[in-house]
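Undergrad: Coordinates in my_file15.cif, mmCIF, C-alpha atoms, are listed below.
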data_protein
loop_
_atom_site.label_atom_id
_atom_site.label_comp_id
_atom_site.auth_asym_id
_atom_site.auth_seq_id
_atom_site.Cartn_x
_atom_site.Cartn_y
_atom_site.Cartn_z
CA MET A 112 88.32 103.00 82.74
CA ARG A 113 92.00 102.11 82.42
CA VAL A 114 92.76 98.42 81.90
CA GLY A 115 96.22 96.90 82.01
CA THR A 116 97.89 93.54 82.40
CA PHE A 117 99.61 92.10 85.47
CA VAL A 118 102.68 90.00 84.67
CA LEU A 119 104.33 87.73 87.23
CA ALA A 120 106.73 85.80 84.97
CA ALA A 121 105.21 82.71 86.52
CA GLN A 122 107.10 79.45 86.09
CA PHE A 123 104.55 76.71 85.52
CA PRO A 124 105.42 73.02 86.14
CA GLY A 125 107.67 71.68 83.42
CA GLN A 126 108.80 75.12 82.27
CA GLY A 127 112.20 76.74 82.50
CA GLN A 128 112.87 80.14 83.99
CA GLY A 129 113.89 81.58 80.64
CA GLU A 130 110.58 80.49 79.15
CA ALA A 131 108.69 82.25 81.95
CA LEU A 132 110.67 85.46 81.50
CA TYR A 133 110.29 85.42 77.72
CA ARG A 134 106.52 85.06 78.11
CA ALA A 135 106.54 87.98 80.56
CA VAL A 136 108.34 90.31 78.15
CA ARG A 137 106.22 89.24 75.22
CA SER A 138 103.05 89.76 77.27
CA ALA A 139 104.15 93.32 77.97
CA GLU A 140 104.80 94.00 74.29
CA VAL A 141 101.42 92.58 73.28
CA THR A 142 99.75 94.70 75.97
CA GLU A 143 100.76 97.80 74.03
CA GLU A 144 99.91 96.25 70.67
CA ALA A 145 96.43 95.41 71.97
CA GLY A 146 95.70 99.02 72.91
CA LEU A 147 95.63 98.50 76.68
CA ASP A 148 96.64 101.16 79.18
CA SER A 149 99.47 99.65 81.23
CA VAL A 150 101.49 96.65 82.27
CA TRP A 151 102.32 95.84 85.89
CA LEU A 152 105.39 93.76 86.74
CA ALA A 153 105.77 91.63 89.85
CA GLU A 154 108.90 90.94 91.90
CA HIS A 155 109.80 87.75 93.78
CA HIS A 156 112.99 86.12 95.05
CA PHE A 157 114.03 82.47 95.01
CA VAL A 158 110.61 81.03 94.08
CA PRO A 159 108.99 79.84 90.83
CA TYR A 160 105.79 81.72 91.76
CA GLY A 161 107.46 84.59 89.89
CA THR A 162 110.89 84.49 88.26
CA CYS A 163 111.50 88.25 88.05
CA PRO A 164 113.68 89.32 91.02
CA SER A 165 113.66 93.02 90.16
CA ALA A 166 110.50 94.67 88.88
CA ILE A 167 112.28 97.99 88.37
CA THR A 168 114.90 96.32 86.15
CA LEU A 169 112.30 94.57 84.03
CA ALA A 170 110.38 97.85 83.86
CA ALA A 171 113.43 99.46 82.28
CA LEU A 172 113.48 96.82 79.55
CA VAL A 173 109.75 97.11 78.91
CA LEU A 174 109.88 100.92 78.80
CA GLY A 175 112.59 100.63 76.18
CA ARG A 176 110.51 98.25 74.06
CA THR A 177 107.29 100.26 74.22
CA ARG A 178 106.29 103.81 73.35
CA ARG A 179 102.87 104.51 74.84
CA ILE A 180 101.78 102.37 77.79
CA ARG A 181 102.50 103.03 81.43
CA VAL A 182 104.78 100.48 83.09
CA GLY A 183 104.30 99.82 86.78
CA THR A 184 106.05 97.76 89.43
CA ALA A 185 103.63 95.61 91.39
CA VAL A 186 105.52 95.77 93.52
CA SER A 187 109.07 96.78 94.34
CA VAL A 188 109.63 95.37 97.83
CA LEU A 189 110.99 98.13 100.05
CA PRO A 190 112.32 96.14 103.05
CA THR A 191 114.83 94.29 100.86
CA THR A 192 116.23 97.32 99.05
CA HIS A 193 117.64 100.70 99.99
CA PRO A 194 115.00 103.37 99.32
CA VAL A 195 117.58 105.75 97.84
CA ALA A 196 118.78 103.12 95.38
CA LEU A 197 115.21 102.44 94.34
CA GLY A 198 114.52 106.17 94.18
CA GLU A 199 117.48 106.73 91.86
CA GLN A 200 116.31 103.96 89.55
CA ALA A 201 112.75 105.26 89.51
CA ALA A 202 113.91 108.82 88.84
CA LEU A 203 116.11 107.64 85.98
CA LEU A 204 113.25 105.75 84.33
CA HIS A 205 110.80 108.59 84.92
CA VAL A 206 113.07 111.10 83.19
CA THR A 207 114.15 108.89 80.30
CA SER A 208 110.71 107.40 79.54
CA GLY A 209 108.83 110.68 79.43
CA GLY A 210 107.05 109.98 82.70
CA ARG A 211 105.63 106.54 81.87
CA LEU A 212 106.78 104.77 85.06
CA THR A 213 104.50 104.02 87.99
CA LEU A 214 106.40 102.88 91.08
CA GLY A 215 104.35 100.46 93.13
CA VAL A 216 105.92 99.57 96.47
CA GLY A 217 105.03 97.05 99.13
CA ARG A 218 106.11 95.49 102.40
CA GLY A 219 106.55 91.97 101.08
CA GLY A 220 106.61 89.10 103.56
CA PRO A 221 108.73 87.65 106.35
CA TRP A 222 110.70 85.63 103.84
CA VAL A 223 114.31 84.47 103.71
CA ASP A 224 114.90 87.39 101.32
CA LEU A 225 115.40 89.56 104.43
CA GLU A 226 118.31 87.35 105.49
CA VAL A 227 119.91 87.13 102.07
CA PHE A 228 119.91 90.88 101.51
CA GLY A 229 120.97 91.69 105.06
CA ALA A 230 117.90 93.76 105.88
CA GLY A 231 116.76 91.66 108.82
CA LEU A 232 113.30 91.09 110.21
CA GLU A 233 113.07 94.64 111.62
CA ALA A 234 113.08 96.04 108.08
CA TYR A 235 109.85 94.13 107.51
CA GLU A 236 108.21 94.53 110.91
CA LYS A 237 109.17 98.09 111.94
CA GLU A 238 111.09 100.10 109.34
CA TYR A 239 108.76 100.00 106.33
CA PRO A 240 107.13 103.44 106.97
CA GLU A 241 110.58 105.01 107.44
CA SER A 242 111.73 103.48 104.15
CA LEU A 243 108.67 104.78 102.33
CA ASP A 244 109.13 108.30 103.71
CA LEU A 245 112.78 108.38 102.65
CA LEU A 246 111.84 107.14 99.16
CA MET A 247 109.20 109.86 98.81
CA ARG A 248 111.61 112.56 99.95
CA TRP A 249 114.11 111.37 97.36
CA LEU A 250 111.50 111.63 94.62
CA ARG A 251 110.30 115.09 95.65
CA GLU A 252 113.24 117.10 97.07
CA PRO A 253 116.46 118.45 95.49
CA ALA A 254 118.73 117.17 98.28
CA VAL A 255 118.19 114.59 101.01
CA ALA A 256 119.88 113.57 104.28
CA GLY A 257 119.22 110.31 106.05
CA PRO A 258 116.91 110.60 109.07
CA GLY A 259 119.08 108.37 111.26
CA GLY A 260 118.86 104.79 112.42
CA ARG A 261 119.25 102.36 109.55
CA PHE A 262 119.32 105.27 107.07
CA ALA A 263 121.83 107.69 108.57
CA PHE A 264 123.80 109.66 105.95
CA ARG A 265 124.86 113.25 105.24
CA GLU A 266 122.88 115.40 102.83
CA VAL A 267 123.48 114.56 99.18
CA PRO A 268 122.00 115.99 95.97
CA VAL A 269 119.33 114.04 94.12
CA VAL A 270 120.68 113.14 90.67
CA PRO A 271 118.82 112.83 88.40
CA ARG A 272 116.01 114.90 89.83
CA PRO A 273 112.61 113.55 88.73
CA SER A 274 111.40 117.11 88.18
CA GLU A 275 113.92 117.44 85.34
CA SER A 276 111.71 115.27 83.17
CA LEU A 277 110.15 117.17 80.28
CA THR A 278 106.65 116.20 81.46
CA GLU A 279 103.95 117.76 83.59
CA ALA A 280 104.53 115.23 86.39
CA GLU A 281 107.23 116.35 88.84
CA GLY A 282 108.07 112.73 89.65
CA PRO A 283 106.90 109.18 89.06
CA GLU A 284 103.50 108.15 90.32
CA VAL A 285 103.87 106.08 93.52
CA LEU A 286 101.34 103.49 94.72
CA VAL A 287 101.32 101.39 97.88
CA ALA A 288 100.18 97.76 97.98
CA CYS A 289 97.56 97.57 100.71
CA THR A 290 96.36 94.38 102.38
CA SER A 291 95.55 95.60 105.91
CA PRO A 292 93.99 98.60 107.69
CA ALA A 293 97.49 99.67 108.77
CA SER A 294 98.80 99.81 105.20
CA VAL A 295 95.65 101.62 104.05
CA ARG A 296 96.20 104.26 106.73
CA MET A 297 99.88 104.60 105.83
CA ALA A 298 99.03 105.20 102.16
CA ALA A 299 96.20 107.63 102.92
CA GLU A 300 98.22 109.75 105.32
CA ARG A 301 100.83 110.23 102.59
CA GLY A 302 98.28 110.85 99.86
CA LEU A 303 99.38 107.77 97.92
CA SER A 304 96.93 105.64 95.95
CA MET A 305 96.53 101.94 96.70
CA LEU A 306 97.19 98.75 94.77
CA LEU A 307 94.54 96.27 95.96
CA GLY A 308 95.21 92.54 95.72
CA MET A 309 93.45 89.91 93.65
CA HIS A 310 92.70 87.75 96.70
CA VAL A 311 89.83 89.97 97.89
CA GLY A 312 86.48 90.79 96.34
CA ASP A 313 84.58 93.97 95.62
CA GLU A 314 83.08 94.36 99.10
CA GLU A 315 86.43 94.31 100.87
CA LYS A 316 88.01 96.57 98.26
CA ALA A 317 85.17 99.06 98.68
CA GLU A 318 85.75 99.01 102.45
CA MET A 319 89.45 99.71 101.93
CA VAL A 320 88.72 102.64 99.62
CA ALA A 321 86.28 104.06 102.18
CA LEU A 322 88.87 103.64 104.94
CA TRP A 323 91.52 105.35 102.77
CA ARG A 324 89.22 108.32 102.26
CA GLN A 325 88.47 108.51 105.98
CA HIS A 326 92.16 108.61 106.93
CA ALA A 327 92.97 111.05 104.12
CA ARG A 328 90.30 113.46 105.36
CA ALA A 329 91.51 113.08 108.94
CA VAL A 330 95.01 114.34 108.06
CA GLY A 331 93.69 117.26 106.03
CA ARG A 332 93.98 115.98 102.47
CA SER A 333 91.89 118.15 100.16
CA ALA A 334 88.60 117.00 98.67
CA GLU A 335 90.13 117.34 95.20
CA GLU A 336 93.09 115.14 96.17
CA ILE A 337 90.80 112.51 97.65
CA ARG A 338 88.56 112.47 94.57
CA GLY A 339 91.60 112.25 92.33
CA ALA A 340 93.09 109.17 93.99
CA ALA A 341 93.76 106.57 91.30
CA HIS A 342 93.63 103.23 93.10
CA VAL A 343 94.35 100.05 91.15
CA SER A 344 92.51 96.73 91.48
CA ALA A 345 94.46 93.56 90.69
CA GLY A 346 92.59 90.58 89.28
CA VAL A 347 92.67 87.64 86.91
CA CYS A 348 91.36 87.68 83.36
CA GLN A 349 90.79 84.73 81.07
CA ILE A 350 88.61 85.10 77.98
CA ALA A 351 86.87 82.37 76.01
CA ASP A 352 83.70 81.97 73.98
CA ARG A 353 82.15 80.08 76.91
CA ARG A 354 82.66 80.79 80.59
CA THR A 355 83.24 77.10 81.34
CA ASP A 356 86.12 77.00 78.86
CA ALA A 357 87.79 80.05 80.39
CA ALA A 358 87.51 78.61 83.91
CA GLU A 359 88.72 75.21 82.76
CA THR A 360 91.85 76.77 81.26
CA LEU A 361 92.76 78.28 84.63
CA LEU A 362 91.72 75.26 86.70
CA LYS A 363 93.99 73.02 84.63
CA ALA A 364 97.09 75.22 84.84
CA MET A 365 97.02 77.51 87.86
CA PRO A 366 96.81 75.04 90.80
CA GLY A 367 100.06 73.34 89.80
CA TRP A 368 101.83 76.67 89.48
CA LEU A 369 100.39 77.97 92.74
CA LYS A 370 101.35 74.83 94.64
CA GLN A 371 104.98 74.73 93.56
CA GLY A 372 105.28 78.50 93.75
CA LEU A 373 103.73 79.11 97.15
CA ASP A 374 105.31 76.02 98.73
CA ALA A 375 108.74 77.39 97.84
CA HIS A 376 108.44 80.40 100.18
CA VAL A 377 110.69 80.07 103.24
CA THR A 378 110.24 82.27 106.30
CA VAL A 379 113.26 84.09 107.70
CA ASP A 380 112.59 83.08 111.31
CA GLY A 381 110.93 79.68 110.97
CA ARG A 382 107.45 80.99 111.73
CA GLU A 383 104.60 78.77 110.60
CA ARG A 384 103.02 79.66 107.29
CA ARG A 385 99.41 79.08 106.32
CA MET A 386 99.19 78.79 102.55
CA ARG A 387 96.00 78.69 100.50
CA ASP A 388 94.73 75.50 98.92
CA PRO A 389 95.75 75.95 95.24
CA LEU A 390 92.58 74.53 93.69
CA ALA A 391 90.24 76.38 96.03
CA TYR A 392 92.16 79.59 95.47
CA THR A 393 91.91 79.21 91.68
CA GLU A 394 88.17 78.61 91.99
CA LEU A 395 87.89 81.72 94.16
CA LEU A 396 89.73 83.83 91.58
CA CYS A 397 87.50 82.53 88.78
CA GLY A 398 84.48 83.61 90.79
CA LEU A 399 85.77 87.06 91.68
CA HIS A 400 87.27 88.27 88.44
CA PRO A 401 86.64 88.61 84.69
CA VAL A 402 86.86 84.96 83.66
CA GLY A 403 84.50 84.03 80.84
CA THR A 404 83.05 85.53 77.68
CA PRO A 405 84.02 89.06 76.58
CA ARG A 406 80.58 90.31 77.67
CA LEU A 407 80.89 88.73 81.10
CA CYS A 408 84.41 90.11 81.53
CA ALA A 409 83.29 93.62 80.64
CA ASP A 410 80.32 93.37 82.99
CA ARG A 411 82.51 92.21 85.88
CA LEU A 412 85.02 95.00 85.39
CA ALA A 413 82.24 97.57 85.20
CA ALA A 414 80.57 96.14 88.31
CA THR A 415 83.83 96.21 90.29
CA SER A 416 84.43 99.80 89.28
CA GLU A 417 80.90 100.80 90.28
CA ARG A 418 81.02 99.00 93.64
CA THR A 419 84.51 100.12 94.67
CA GLY A 420 85.09 103.44 92.91
CA VAL A 421 88.27 101.99 91.39
CA SER A 422 88.71 102.56 87.66
CA ARG A 423 92.18 101.13 87.04
CA PHE A 424 92.82 97.41 86.65
CA ALA A 425 95.90 95.19 86.58
CA LEU A 426 94.78 91.82 85.22
CA LEU A 427 96.79 88.61 85.39
CA VAL A 428 96.64 87.28 81.83
CA GLU A 429 99.18 84.41 81.93
CA GLY A 430 97.02 81.96 83.92
CA SER A 431 97.10 79.40 81.09
CA GLY A 432 100.89 79.15 81.39
CA ASP A 433 101.12 79.06 77.60
CA LEU A 434 102.68 81.83 75.50
CA VAL A 435 100.35 81.54 72.50
CA ALA A 436 97.27 81.36 74.71
CA THR A 437 98.50 84.33 76.76
CA GLU A 438 99.01 86.47 73.66
CA GLU A 439 95.52 85.58 72.43
CA ASN A 440 94.08 86.40 75.84
CA VAL A 441 95.68 89.84 75.85
CA ARG A 442 94.57 90.59 72.30
CA ARG A 443 90.98 89.59 73.06
CA LEU A 444 91.04 91.78 76.16
CA GLY A 445 91.98 94.74 73.99
CA ALA A 446 89.75 93.96 71.00
CA GLU A 447 86.62 92.46 72.58
CA VAL A 448 86.42 93.66 76.19
CA LEU A 449 87.94 97.14 76.24
CA PRO A 450 85.53 98.61 73.60
CA GLN A 451 82.60 97.64 75.84
CA LEU A 452 84.02 99.70 78.69
CA THR A 453 84.51 103.01 76.88
#
So that I can check it, write out the structure of this file as structure tokens.
TA:
Amino acid sequence: MRVGTFVLAAQFPGQGQGEALYRAVRSAEVTEEAGLDSVWLAEHHFVPYGTCPSAITLAALVLGRTRRIRVGTAVSVLPTTHPVALGEQAALLHVTSGGRLTLGVGRGGPWVDLEVFGAGLEAYEKEYPESLDLLMRWLREPAVAGPGGRFAFREVPVVPRPSESLTEAEGPEVLVACTSPASVRMAAERGLSMLLGMHVGDEEKAEMVALWRQHARAVGRSAEEIRGAAHVSAGVCQIADRRTDAAETLLKAMPGWLKQGLDAHVTVDGRERRMRDPLAYTELLCGLHPVGTPRLCADRLAATSERTGVSRFALLVEGSGDLVATEENVRRLGAEVLPQLT
């Protein structure tokens, strides 16, 4: 089982943006110190829900400050960036880090980001598969021409080529954030593993894995490739000597962050949004994920892996909103939970 942390650079009420970003970087450093497998970095624009606007940029910093762990984007939002630009950045980090980058990509939402970056609503509603295909071509081929439409350009060489890395991997691992049957099918048809969100439980994640396998078989993916898919389950982790204390830590801090963070999202076209109740959502997360004693946390991770077939985890560790408490949480995850899973 491979356990990593999930870092949003969340800005809790009363905190500055610099404080949130410092905690994010420090969390990543402690993730390696604690012996964990990976750190996953989120990307958001114009909202305190997450103060990192470029996961790939923060990944570069974290790769430079670490030596062993994998660093993943969770996720780089494709509709608001050019896939070639993202591909170049990913290739650069793959080559220079010795293959430690995982590029997680996603569709994002119908937010004002699409207006600010000039992508438009069509980039979100219609052009996401085209963007993903162009990105994958850039990461796998020596030269690429744009297919037309929004991405029409003459053939150009790929520099640097990911295959020039002195590693066994020809290019960076690519995952797709999946929240719907359509995104599951898109990932499966391309043979790309999934990043599954923290808002759903084991039953729904198991259904998504089964659907991925079904679509992968339908397009002729080999049995070996299907068995080797390395999906990732996102969750929340808070460790304490008593389960009630762990839940109380999150219930005190997370609803305020969720409310100010989620309320700040603005749609690009004025469509009505239906946002979760912050307290109810926090309670849901405490019930779904490893929140409690080290033994309970280990048991929940093992149970999720058994029920879903997923053996990689990206766990939100900054739910307390406090740097010292976050560092302790990460260290306990490495020292007291991880040994029970190996």
Undergrad: The PyMOL selection byres ((chain A and resi 382-396) around 7) on the file shown: which residues, as a PDB file with C-alpha atoms, keeping the file's coordinate frame?
TA:
ATOM      1  CA  VAL A 347      92.670  87.640  86.910  1.00  0.00           C
ATOM      2  CA  LEU A 362      91.720  75.260  86.700  1.00  0.00           C
ATOM      3  CA  MET A 365      97.020  77.510  87.860  1.00  0.00           C
ATOM      4  CA  PRO A 366      96.810  75.040  90.800  1.00  0.00           C
ATOM      5  CA  LEU A 369     100.390  77.970  92.740  1.00  0.00           C
ATOM      6  CA  LYS A 370     101.350  74.830  94.640  1.00  0.00           C
ATOM      7  CA  THR A 378     110.240  82.270 106.300  1.00  0.00           C
ATOM      8  CA  ASP A 380     112.590  83.080 111.310  1.00  0.00           C
ATOM      9  CA  GLY A 381     110.930  79.680 110.970  1.00  0.00           C
ATOM     10  CA  CYS A 397      87.500  82.530  88.780  1.00  0.00           C
ATOM     11  CA  GLY A 398      84.480  83.610  90.790  1.00  0.00           C
ATOM     12  CA  LEU A 399      85.770  87.060  91.680  1.00  0.00           C
ATOM     13  CA  HIS A 400      87.270  88.270  88.440  1.00  0.00           C
TER      14      HIS A 400
END
Undergrad: Can you work out the spacing between CA of His156 in chain A and CA of Val227 in chain A in Å, to one decimal?
TA: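 Spanning CA of His156 in chain A to CA of Val227 in chain A is a straight-line distance of 9.9 Å.
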Undergrad: Can you list, as a ChimeraX atom specification, the residues that the PyMOL selection byres ((chain A and resi 178) around 10) selects here?
TA: /A:140,143,173-177,179-181,208-209,211
Undergrad: Quick one, how far is CA of Tyr239 in chain A from CA of Gly217 in chain A?
TA: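 Going from CA of Tyr239 in chain A over to CA of Gly217 in chain A covers 8.6 Å.
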Undergrad: Just how far from CA of Val216 in chain A is CA of Val285 in chain A, in Å to one decimal?
TA: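 Atom-to-atom, CA of Val285 in chain A to CA of Val216 in chain A, that is 7.4 Å.
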Undergrad: Determine the residue membership of the PyMOL selection byres ((chain A and resi 306-316) around 8) for the file above and supply it as a ChimeraX atom specification.
TA: /A:185,215,286-290,304-305,317-320,342-347,396,399,415,418-419
Undergrad: Print the selection's residues with C-alpha atoms to a file, as a PDB file, in the frame of the given file.
TA:
ATOM      1  CA  ALA A 185     103.630  95.610  91.390  1.00  0.00           C
ATOM      2  CA  GLY A 215     104.350 100.460  93.130  1.00  0.00           C
ATOM      3  CA  LEU A 286     101.340 103.490  94.720  1.00  0.00           C
ATOM      4  CA  VAL A 287     101.320 101.390  97.880  1.00  0.00           C
ATOM      5  CA  ALA A 288     100.180  97.760  97.980  1.00  0.00           C
ATOM      6  CA  CYS A 289      97.560  97.570 100.710  1.00  0.00           C
ATOM      7  CA  THR A 290      96.360  94.380 102.380  1.00  0.00           C
ATOM      8  CA  SER A 304      96.930 105.640  95.950  1.00  0.00           C
ATOM      9  CA  MET A 305      96.530 101.940  96.700  1.00  0.00           C
ATOM     10  CA  ALA A 317      85.170  99.060  98.680  1.00  0.00           C
ATOM     11  CA  GLU A 318      85.750  99.010 102.450  1.00  0.00           C
ATOM     12  CA  MET A 319      89.450  99.710 101.930  1.00  0.00           C
ATOM     13  CA  VAL A 320      88.720 102.640  99.620  1.00  0.00           C
ATOM     14  CA  HIS A 342      93.630 103.230  93.100  1.00  0.00           C
ATOM     15  CA  VAL A 343      94.350 100.050  91.150  1.00  0.00           C
ATOM     16  CA  SER A 344      92.510  96.730  91.480  1.00  0.00           C
ATOM     17  CA  ALA A 345      94.460  93.560  90.690  1.00  0.00           C
ATOM     18  CA  GLY A 346      92.590  90.580  89.280  1.00  0.00           C
ATOM     19  CA  VAL A 347      92.670  87.640  86.910  1.00  0.00           C
ATOM     20  CA  LEU A 396      89.730  83.830  91.580  1.00  0.00           C
ATOM     21  CA  LEU A 399      85.770  87.060  91.680  1.00  0.00           C
ATOM     22  CA  THR A 415      83.830  96.210  90.290  1.00  0.00           C
ATOM     23  CA  ARG A 418      81.020  99.000  93.640  1.00  0.00           C
ATOM     24  CA  THR A 419      84.510 100.120  94.670  1.00  0.00           C
TER      25      THR A 419
END
Undergrad: Of the residues A:Gln200, A:Arg113, A:Val421, A:Arg261, which is the one nearest to Leu452 in chain A, using all atoms listed in the file?
TA: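 For Leu452 in chain A, the nearest of the candidates is A:Arg113.
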Undergrad: From the options A:Pro292, A:Gly219, A:Gly257, A:Gly432, which residue's atoms come nearest to Thr191 in chain A, counting all atoms listed in the file?
TA: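 Closest residue, counting all atoms listed in the file: A:Gly219.
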Undergrad: Nearest to Gln122 in chain A among A:Pro405, A:Pro240, A:Gly146, A:Gly367, with distances taken over all atoms listed in the file: which residue is it?
TA: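 Among the listed residues, A:Gly367 lies closest to Gln122 in chain A.
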Undergrad: Go through A:Ala202, A:Leu243, A:Ser138, A:Leu132 and flag the residue nearest Phe117 in chain A, using all atoms listed in the file for the distances.
TA: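 Among A:Ala202, A:Leu243, A:Ser138, A:Leu132, it is A:Ser138 that comes nearest to Phe117 in chain A.
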Undergrad: Write out as a list in words the residues lying within 10 Å of Asp244 in chain A, counting only C-alpha atoms and excluding same-chain residues fewer than 4 positions away.
TA: Pro194, Tyr239, Pro240, Arg248, Trp249, Leu250, Pro258 and Arg301 of chain A
Undergrad: Taking into account all atoms listed in the file, which residue in the set A:Phe262, A:Pro159, A:Val267, A:Gln451 is nearest to Gly125 in chain A?
TA: A:Pro159
Undergrad: With 12 Å as the threshold, what does the neighbourhood of (115.4, 109.5, 82.0) contain in terms of residues, counting all atoms listed in the file? Coordinates are those of the file; answer as a count of residues only.
TA: 28
Undergrad: Can you work out which one of A:Thr192, A:Arg137, A:Leu303, A:Ala329 has the shortest atom-to-atom distance to Leu169 in chain A, counting all atoms listed in the file?
TA: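 When distances to Leu169 in chain A are compared using all atoms listed in the file, the smallest one comes from A:Arg137.
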Undergrad: Mind checking which residues fall within 10 Å of Tyr235 in chain A, counting all atoms listed in the file, ignoring those fewer than 5 positions away in the same chain, and posting them as a PyMOL selection string?
TA: chain A and resi 188-191+218-222+225+230+240
Undergrad: Extract, using all atoms listed in the file, all DNA, RNA and protein residues at most 10 Å from Glu439 in chain A, discarding same-chain residues fewer than 2 positions from it, and format them as a list in words.
TA: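 Result of the neighbour search: Ser138, Val141, Ala145, Gln349, Ile350, Ala351, Val428, Leu434, Val435, Ala436, Thr437, Val441, Arg442, Arg443, Leu444 and Gly445 of chain A.
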Undergrad: Produce a table with one row for each residue of range 345-432 of chain A that has an atom at most 12 Å from any atom of range 338-341 of chain A, each row naming the nearest atom pair and its distance in Å at one decimal; use all atoms listed in the file; arrange rows by chain and rising residue number; format as JSON lines.
TA:
{"residue": "A:Ser416", "atom": "CA", "partner": "A:Ala341", "partner_atom": "CA", "distance": 11.7}
{"residue": "A:Thr419", "atom": "CA", "partner": "A:Ala341", "partner_atom": "CA", "distance": 11.8}
{"residue": "A:Gly420", "atom": "CA", "partner": "A:Ala341", "partner_atom": "CA", "distance": 9.4}
{"residue": "A:Val421", "atom": "CA", "partner": "A:Ala341", "partner_atom": "CA", "distance": 7.2}
{"residue": "A:Ser422", "atom": "CA", "partner": "A:Ala341", "partner_atom": "CA", "distance": 7.4}
{"residue": "A:Arg423", "atom": "CA", "partner": "A:Ala341", "partner_atom": "CA", "distance": 7.1}
{"residue": "A:Phe424", "atom": "CA", "partner": "A:Ala341", "partner_atom": "CA", "distance": 10.3}
